[in-house]
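Peer 1: Just one file: data_27.cif, with mmCIF, C-alpha atoms.
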```
data_data
#
loop_
_atom_site.group_PDB
_atom_site.id
_atom_site.type_symbol
_atom_site.label_atom_id
_atom_site.label_comp_id
_atom_site.auth_asym_id
_atom_site.auth_seq_id
_atom_site.Cartn_x
_atom_site.Cartn_y
_atom_site.Cartn_z
ATOM 1 C CA MET R 180 76.423 265.613 65.099
ATOM 2 C CA ALA R 181 78.039 263.938 68.106
ATOM 3 C CA MET R 182 76.091 261.507 70.274
ATOM 4 C CA ILE R 183 74.028 263.308 72.900
ATOM 5 C CA LYS R 184 75.430 262.801 76.383
ATOM 6 C CA GLN R 185 73.103 261.100 78.876
ATOM 7 C CA GLN R 186 70.649 260.636 76.018
ATOM 8 C CA ARG R 187 67.635 262.613 77.126
ATOM 9 C CA ILE R 188 65.349 265.294 75.761
ATOM 10 C CA TYR R 189 63.037 267.980 77.107
ATOM 11 C CA LEU R 190 59.308 267.717 76.485
ATOM 12 C CA ALA R 191 57.747 271.167 76.070
ATOM 13 C CA SER R 192 54.201 269.986 76.744
ATOM 14 C CA GLN R 193 51.922 269.435 79.711
ATOM 15 C CA SER R 194 49.980 266.671 77.964
ATOM 16 C CA PRO R 195 49.844 263.437 79.976
ATOM 17 C CA ARG R 196 49.149 261.553 76.726
ATOM 18 C CA ARG R 197 52.443 262.709 75.235
ATOM 19 C CA ARG R 198 54.305 261.677 78.378
ATOM 20 C CA GLU R 199 52.727 258.222 78.189
ATOM 21 C CA LEU R 200 53.629 257.839 74.520
ATOM 22 C CA LEU R 201 57.283 258.815 75.021
ATOM 23 C CA LYS R 202 57.544 256.355 77.916
ATOM 24 C CA GLN R 203 55.953 253.680 75.733
ATOM 25 C CA VAL R 204 58.903 253.776 73.323
ATOM 26 C CA GLY R 205 61.551 254.245 76.014
ATOM 27 C CA ILE R 206 62.474 257.901 75.432
ATOM 28 C CA ASN R 207 64.170 259.498 78.449
ATOM 29 C CA PHE R 208 62.750 262.984 78.942
ATOM 30 C CA GLU R 209 62.300 265.832 81.387
ATOM 31 C CA MET R 210 59.369 268.231 81.469
ATOM 32 C CA LEU R 211 59.866 271.805 80.271
ATOM 33 C CA LEU R 212 56.613 273.600 80.947
ATOM 34 C CA LEU R 213 55.444 276.526 78.866
ATOM 35 C CA ARG R 214 52.901 278.964 80.295
ATOM 36 C CA ASP R 215 49.420 278.433 78.878
ATOM 37 C CA ASP R 216 47.200 280.162 81.433
ATOM 38 C CA PRO R 217 45.642 283.255 79.799
ATOM 39 C CA LYS R 218 45.414 284.925 83.225
ATOM 40 C CA ARG R 219 49.170 284.622 83.788
ATOM 41 C CA GLY R 220 50.234 285.034 80.193
ATOM 42 C CA VAL R 221 51.002 282.470 77.519
ATOM 43 C CA ASP R 222 54.325 281.630 75.909
ATOM 44 C CA VAL R 223 52.716 280.725 72.560
ATOM 45 C CA ASP R 224 49.517 282.331 71.275
ATOM 46 C CA GLU R 225 47.573 279.518 69.576
ATOM 47 C CA THR R 226 45.051 281.775 67.841
ATOM 48 C CA PRO R 227 44.793 280.850 64.134
ATOM 49 C CA GLN R 228 45.731 283.576 61.696
ATOM 50 C CA ALA R 229 43.237 284.815 59.116
ATOM 51 C CA VAL R 230 42.776 282.340 56.249
ATOM 52 C CA GLU R 231 45.425 279.995 57.672
ATOM 53 C CA HIS R 232 45.421 276.447 56.289
ATOM 54 C CA PRO R 233 45.094 273.837 59.090
ATOM 55 C CA GLU R 234 48.420 272.150 58.240
ATOM 56 C CA GLU R 235 50.279 275.463 58.149
ATOM 57 C CA TYR R 236 48.633 276.383 61.451
ATOM 58 C CA VAL R 237 49.659 273.214 63.271
ATOM 59 C CA LYS R 238 53.227 273.424 61.912
ATOM 60 C CA ARG R 239 53.551 277.084 62.940
ATOM 61 C CA ILE R 240 52.289 276.524 66.486
ATOM 62 C CA CYS R 241 54.442 273.438 66.950
ATOM 63 C CA GLN R 242 57.592 275.209 65.757
ATOM 64 C CA GLU R 243 56.856 278.221 67.984
ATOM 65 C CA LYS R 244 56.475 275.892 70.992
ATOM 66 C CA ALA R 245 59.798 274.181 70.240
ATOM 67 C CA ASN R 246 61.609 277.488 69.780
ATOM 68 C CA LYS R 247 60.100 278.944 72.951
ATOM 69 C CA GLY R 248 61.082 275.801 74.839
ATOM 70 C CA TYR R 249 64.675 276.121 73.682
ATOM 71 C CA GLN R 250 64.736 279.802 74.673
ATOM 72 C CA LEU R 251 63.500 278.877 78.154
ATOM 73 C CA LEU R 252 66.165 276.212 78.368
ATOM 74 C CA ARG R 253 68.882 278.767 77.714
ATOM 75 C CA TYR R 254 67.252 281.389 79.938
ATOM 76 C CA ARG R 255 67.090 278.999 82.890
ATOM 77 C CA ASN R 256 70.687 277.809 82.330
ATOM 78 C CA LEU R 257 69.566 274.185 82.104
ATOM 79 C CA PRO R 258 71.758 271.479 80.532
ATOM 80 C CA ILE R 259 71.448 271.655 76.758
ATOM 81 C CA PHE R 260 69.492 268.770 75.211
ATOM 82 C CA PRO R 261 66.994 268.607 72.354
ATOM 83 C CA VAL R 262 63.572 270.141 73.005
ATOM 84 C CA LEU R 263 60.526 268.316 71.662
ATOM 85 C CA ALA R 264 57.198 270.068 71.158
ATOM 86 C CA ALA R 265 53.981 268.893 69.557
ATOM 87 C CA ASP R 266 50.633 270.295 68.541
ATOM 88 C CA THR R 267 47.445 268.596 67.427
ATOM 89 C CA THR R 268 44.473 270.080 65.646
ATOM 90 C CA VAL R 269 41.331 268.646 64.144
ATOM 91 C CA THR R 270 39.983 269.845 60.820
ATOM 92 C CA LEU R 271 36.784 269.372 58.820
ATOM 93 C CA ASP R 272 35.959 271.193 55.585
ATOM 94 C CA GLY R 273 39.052 273.384 56.063
ATOM 95 C CA LYS R 274 37.906 274.562 59.501
ATOM 96 C CA ILE R 275 40.263 274.363 62.485
ATOM 97 C CA PHE R 276 38.855 272.761 65.636
ATOM 98 C CA GLY R 277 40.982 273.538 68.667
ATOM 99 C CA LYS R 278 40.271 272.842 72.330
ATOM 100 C CA PRO R 279 36.655 273.552 73.325
ATOM 101 C CA LYS R 280 35.965 276.516 75.590
ATOM 102 C CA ASN R 281 33.230 274.676 77.481
ATOM 103 C CA ALA R 282 30.801 271.742 77.303
ATOM 104 C CA GLU R 283 28.456 273.411 74.814
ATOM 105 C CA HIS R 284 31.379 274.240 72.518
ATOM 106 C CA ALA R 285 32.469 270.582 72.705
ATOM 107 C CA ALA R 286 28.912 269.494 71.886
ATOM 108 C CA GLU R 287 28.916 271.725 68.779
ATOM 109 C CA MET R 288 32.131 270.048 67.597
ATOM 110 C CA LEU R 289 30.785 266.536 68.162
ATOM 111 C CA ARG R 290 27.610 267.392 66.205
ATOM 112 C CA GLU R 291 29.748 268.488 63.253
ATOM 113 C CA PHE R 292 31.796 265.268 63.377
ATOM 114 C CA SER R 293 28.704 263.053 63.695
ATOM 115 C CA GLY R 294 28.407 260.624 60.789
ATOM 116 C CA ARG R 295 31.350 262.168 58.933
ATOM 117 C CA GLU R 296 35.093 261.880 58.401
ATOM 118 C CA HIS R 297 37.466 264.491 59.777
ATOM 119 C CA GLN R 298 41.237 264.845 59.825
ATOM 120 C CA VAL R 299 43.553 264.945 62.825
ATOM 121 C CA LEU R 300 46.835 266.767 62.189
ATOM 122 C CA SER R 301 49.625 266.173 64.690
ATOM 123 C CA ALA R 302 52.879 268.070 64.267
ATOM 124 C CA VAL R 303 56.072 267.304 66.160
ATOM 125 C CA ALA R 304 59.176 269.506 66.212
ATOM 126 C CA ILE R 305 62.574 268.983 67.803
ATOM 127 C CA THR R 306 65.132 271.748 68.154
ATOM 128 C CA LEU R 307 68.728 271.939 69.359
ATOM 129 C CA GLY R 308 70.760 275.057 68.708
ATOM 130 C CA ASP R 309 70.225 276.129 65.112
ATOM 131 C CA GLN R 310 68.823 272.758 64.073
ATOM 132 C CA ILE R 311 65.060 272.283 63.995
ATOM 133 C CA GLU R 312 63.314 269.264 62.509
ATOM 134 C CA LEU R 313 59.557 269.076 61.983
ATOM 135 C CA ALA R 314 57.057 266.522 60.706
ATOM 136 C CA VAL R 315 53.276 266.311 60.420
ATOM 137 C CA SER R 316 51.102 263.212 60.676
ATOM 138 C CA THR R 317 47.644 263.286 59.090
ATOM 139 C CA SER R 318 44.991 260.772 60.101
ATOM 140 C CA THR R 319 41.392 260.401 58.954
ATOM 141 C CA VAL R 320 38.780 259.521 61.577
ATOM 142 C CA ARG R 321 35.192 258.547 60.800
ATOM 143 C CA PHE R 322 32.576 259.038 63.520
ATOM 144 C CA THR R 323 29.319 257.150 63.747
ATOM 145 C CA THR R 324 26.108 259.168 63.859
ATOM 146 C CA LEU R 325 25.713 260.623 67.342
ATOM 147 C CA ASN R 326 22.356 261.492 68.832
ATOM 148 C CA GLU R 327 21.930 264.187 71.467
ATOM 149 C CA ASP R 328 21.702 261.648 74.299
ATOM 150 C CA ARG R 329 25.096 260.107 73.451
ATOM 151 C CA ILE R 330 26.675 263.535 73.195
ATOM 152 C CA ARG R 331 25.168 264.596 76.529
ATOM 153 C CA ARG R 332 26.395 261.448 78.292
ATOM 154 C CA TYR R 333 29.874 261.912 76.836
ATOM 155 C CA LEU R 334 30.056 265.488 78.064
ATOM 156 C CA LEU R 335 29.371 264.252 81.613
ATOM 157 C CA THR R 336 32.739 262.444 81.527
ATOM 158 C CA LYS R 337 34.582 265.789 81.094
ATOM 159 C CA GLU R 338 36.932 264.013 78.685
ATOM 160 C CA TYR R 339 36.552 266.868 76.216
ATOM 161 C CA ASN R 340 38.650 269.181 78.419
ATOM 162 C CA ASP R 341 41.994 270.214 76.914
ATOM 163 C CA LYS R 342 41.555 268.048 73.801
ATOM 164 C CA ALA R 343 41.542 269.292 70.225
ATOM 165 C CA GLY R 344 38.171 268.583 68.687
ATOM 166 C CA GLY R 345 36.648 267.934 72.104
ATOM 167 C CA TYR R 346 37.450 264.233 72.307
ATOM 168 C CA GLY R 347 40.222 261.757 73.080
ATOM 169 C CA ILE R 348 40.614 258.514 71.146
ATOM 170 C CA GLN R 349 41.989 256.777 74.239
ATOM 171 C CA GLY R 350 38.828 257.463 76.260
ATOM 172 C CA GLN R 351 35.111 256.784 75.899
ATOM 173 C CA ALA R 352 35.014 258.558 72.531
ATOM 174 C CA ALA R 353 36.714 255.469 71.081
ATOM 175 C CA ALA R 354 33.154 254.074 70.972
ATOM 176 C CA PHE R 355 32.231 256.775 68.422
ATOM 177 C CA ILE R 356 34.957 255.860 65.936
ATOM 178 C CA GLU R 357 33.924 253.586 63.077
ATOM 179 C CA HIS R 358 37.241 253.772 61.266
ATOM 180 C CA ILE R 359 40.666 255.356 61.518
ATOM 181 C CA SER R 360 43.217 255.646 58.744
ATOM 182 C CA GLY R 361 46.645 256.886 59.818
ATOM 183 C CA SER R 362 48.443 257.045 63.153
ATOM 184 C CA TYR R 363 46.674 256.050 66.377
ATOM 185 C CA SER R 364 49.394 257.752 68.437
ATOM 186 C CA GLY R 365 49.089 260.805 66.180
ATOM 187 C CA VAL R 366 45.389 261.076 67.001
ATOM 188 C CA MET R 367 46.353 260.798 70.688
ATOM 189 C CA GLY R 368 48.671 263.771 70.234
ATOM 190 C CA LEU R 369 52.175 262.539 69.392
ATOM 191 C CA PRO R 370 52.866 260.534 66.218
ATOM 192 C CA LEU R 371 55.491 258.066 67.424
ATOM 193 C CA PHE R 372 56.785 256.991 64.004
ATOM 194 C CA GLU R 373 57.558 260.588 62.998
ATOM 195 C CA THR R 374 58.893 261.413 66.472
ATOM 196 C CA VAL R 375 61.403 258.569 66.341
ATOM 197 C CA GLN R 376 62.459 259.556 62.820
ATOM 198 C CA LEU R 377 63.189 263.102 63.977
ATOM 199 C CA LEU R 378 65.102 261.935 67.058
ATOM 200 C CA GLN R 379 67.337 259.834 64.821
ATOM 201 C CA ARG R 380 68.394 263.027 63.018
ATOM 202 C CA PHE R 381 69.840 264.174 66.373
ATOM 203 C CA ASN R 382 71.620 260.810 66.776
ATOM 204 C CA TYR R 383 69.323 259.978 69.664
ATOM 205 C CA PRO R 384 69.099 256.182 70.286
ATOM 206 C CA THR R 385 65.600 254.963 69.451
ATOM 207 C CA PRO R 386 63.781 251.633 69.251
#
```
Can you dump the structure from the file as structure tokens?

Peer 2:
Amino acid sequence: MAMIKQQRIYLASQSPRRRELLKQVGINFEMLLLRDDPKRGVDVDETPQAVEHPEEYVKRICQEKANKGYQLLRYRNLPIFPVLAADTTVTLDGKIFGKPKNAEHAAEMLREFSGREHQVLSAVAITLGDQIELAVSTSTVRFTTLNEDRIRRYLLTKEYNDKAGGYGIQGQAAAFIEHISGSYSGVMGLPLFETVQLLQRFNYPTP
């Protein structure tokens, strides 16, 4: 494939963490926002299917986001560049933990993670025309034992909002983590090693 002119991509995500991570490694990108407000309609329904394995779930949602982003690109007659999408989910005992609905839902998640190891699956997909490339990063995170007072004080920070599993590793919840095995950036929401590998398949210049 020929070198991409002006060397930029579209990021089909509203996540500020993903923007920070792309900037960290010098990737030139523009935002391509998908609708995710249930009141106004959503571009990608993130409801898990019945008996869907967590890795298959995160890959499916990520690929749907990338494809929808590319469709929007064509629909809006924007310059054609690769579209990058990502999705992160947390899993424990085969159960999928998405974004909490409210503080009590986040508290339930944190109680389940307390004193145990869980997995964070972060998928990244890049599409351009008929080419789509996808990778998944799996990290294992071990939480210390959390009492109700620590959980309550964490909920007051509101950090659980819009985060799979109800926590962010880059915030105060870092104090809960005894050990991590895998990708720190993957737990944040965008595995940079895999992202760079995929970009190289589109001849995009990377660090």

Peer 1: Please return as number ranges by chain every residue within 10 Å of (40.1, 270.8, 77.6), taking into account all atoms listed in the file and the file's own coordinates.

Peer 2: R: 277-282, 285, 337-346

Peer 1: Quick one: apply the PyMOL selection byres ((chain R and resi 237) around 12) to the file and drop the selected residues here as a VMD selection string.

Peer 2: chain R and resid 225 to 228 231 to 236 238 to 244 264 to 270 275 to 277 299 to 304 313 to 317 343 368

Peer 1: Need to verify the contact set: segment 369-383 of chain R, 10 Å, all atoms listed in the file, exclusion of same-chain residues closer than 2 positions in sequence. Can you return it as number ranges by chain?

Peer 2: R: 180-184, 186-188, 194, 196-201, 203-204, 206, 260-261, 263-267, 300-307, 310-318, 361-367, 385-386

Peer 1: Quick one, how far is atom CA of Pro384 of chain R from atom CA of Gly205 of chain R?

Peer 2: 9.7 Å

Peer 1: Which residue, R:Leu334, R:Ala354, R:Ile359, R:Ala229, has the smallest gap to Gln298 of chain R when you use all atoms listed in the file?

Peer 2: R:Ile359

Peer 1: So what do you get for atom CA of Arg295 of chain R versus atom CA of Tyr333 of chain R, distance-wise?

Peer 2: 18.0 Å

Peer 1: Around all listed atoms of segment 224-240 of chain R, padded 6 Å per side, what centre and edge lengths does the axis-aligned box have in Å to one decimal, as JSON?

Peer 2:
```
{"center_x": 48.2, "center_y": 278.5, "center_z": 63.8, "size_x": 22.8, "size_y": 24.7, "size_z": 27.0}
```

Peer 1: Between atom CA of Met288 of chain R and atom CA of Asp224 of chain R, measure the distance and give it in Å to one decimal.

Peer 2: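 Separation between atom CA of Met288 of chain R and atom CA of Asp224 of chain R: 21.6 Å.
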
Peer 1: Would you translate the PyMOL selection byres ((chain R and resi 322-331) around 8) into the concrete set of residues it matches in this file, as a PyMOL selection string?

Peer 2: chain R and resi 286+289-290+292-296+320-321+332-335+355-358

Peer 1: Please list, as a PDB file with C-alpha atoms, in the coordinates of the input, the residues that have an atom at most 12 Å away from (64.2, 281.1, 74.6) in the coordinates of this file, counting only C-alpha atoms.

Peer 2:
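To be explicit, this is the file written out as point_1.pdb:
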```pdb
ATOM      1  CA  ALA R 191      57.747 271.167  76.070  1.00  0.00           C
ATOM      2  CA  LEU R 211      59.866 271.805  80.271  1.00  0.00           C
ATOM      3  CA  LEU R 213      55.444 276.526  78.866  1.00  0.00           C
ATOM      4  CA  ASP R 222      54.325 281.630  75.909  1.00  0.00           C
ATOM      5  CA  VAL R 223      52.716 280.725  72.560  1.00  0.00           C
ATOM      6  CA  GLU R 243      56.856 278.221  67.984  1.00  0.00           C
ATOM      7  CA  LYS R 244      56.475 275.892  70.992  1.00  0.00           C
ATOM      8  CA  ALA R 245      59.798 274.181  70.240  1.00  0.00           C
ATOM      9  CA  ASN R 246      61.609 277.488  69.780  1.00  0.00           C
ATOM     10  CA  LYS R 247      60.100 278.944  72.951  1.00  0.00           C
ATOM     11  CA  GLY R 248      61.082 275.801  74.839  1.00  0.00           C
ATOM     12  CA  TYR R 249      64.675 276.121  73.682  1.00  0.00           C
ATOM     13  CA  GLN R 250      64.736 279.802  74.673  1.00  0.00           C
ATOM     14  CA  LEU R 251      63.500 278.877  78.154  1.00  0.00           C
ATOM     15  CA  LEU R 252      66.165 276.212  78.368  1.00  0.00           C
ATOM     16  CA  ARG R 253      68.882 278.767  77.714  1.00  0.00           C
ATOM     17  CA  TYR R 254      67.252 281.389  79.938  1.00  0.00           C
ATOM     18  CA  ARG R 255      67.090 278.999  82.890  1.00  0.00           C
ATOM     19  CA  ASN R 256      70.687 277.809  82.330  1.00  0.00           C
ATOM     20  CA  LEU R 257      69.566 274.185  82.104  1.00  0.00           C
ATOM     21  CA  VAL R 262      63.572 270.141  73.005  1.00  0.00           C
ATOM     22  CA  THR R 306      65.132 271.748  68.154  1.00  0.00           C
ATOM     23  CA  LEU R 307      68.728 271.939  69.359  1.00  0.00           C
ATOM     24  CA  GLY R 308      70.760 275.057  68.708  1.00  0.00           C
TER      25      GLY R 308
END
```
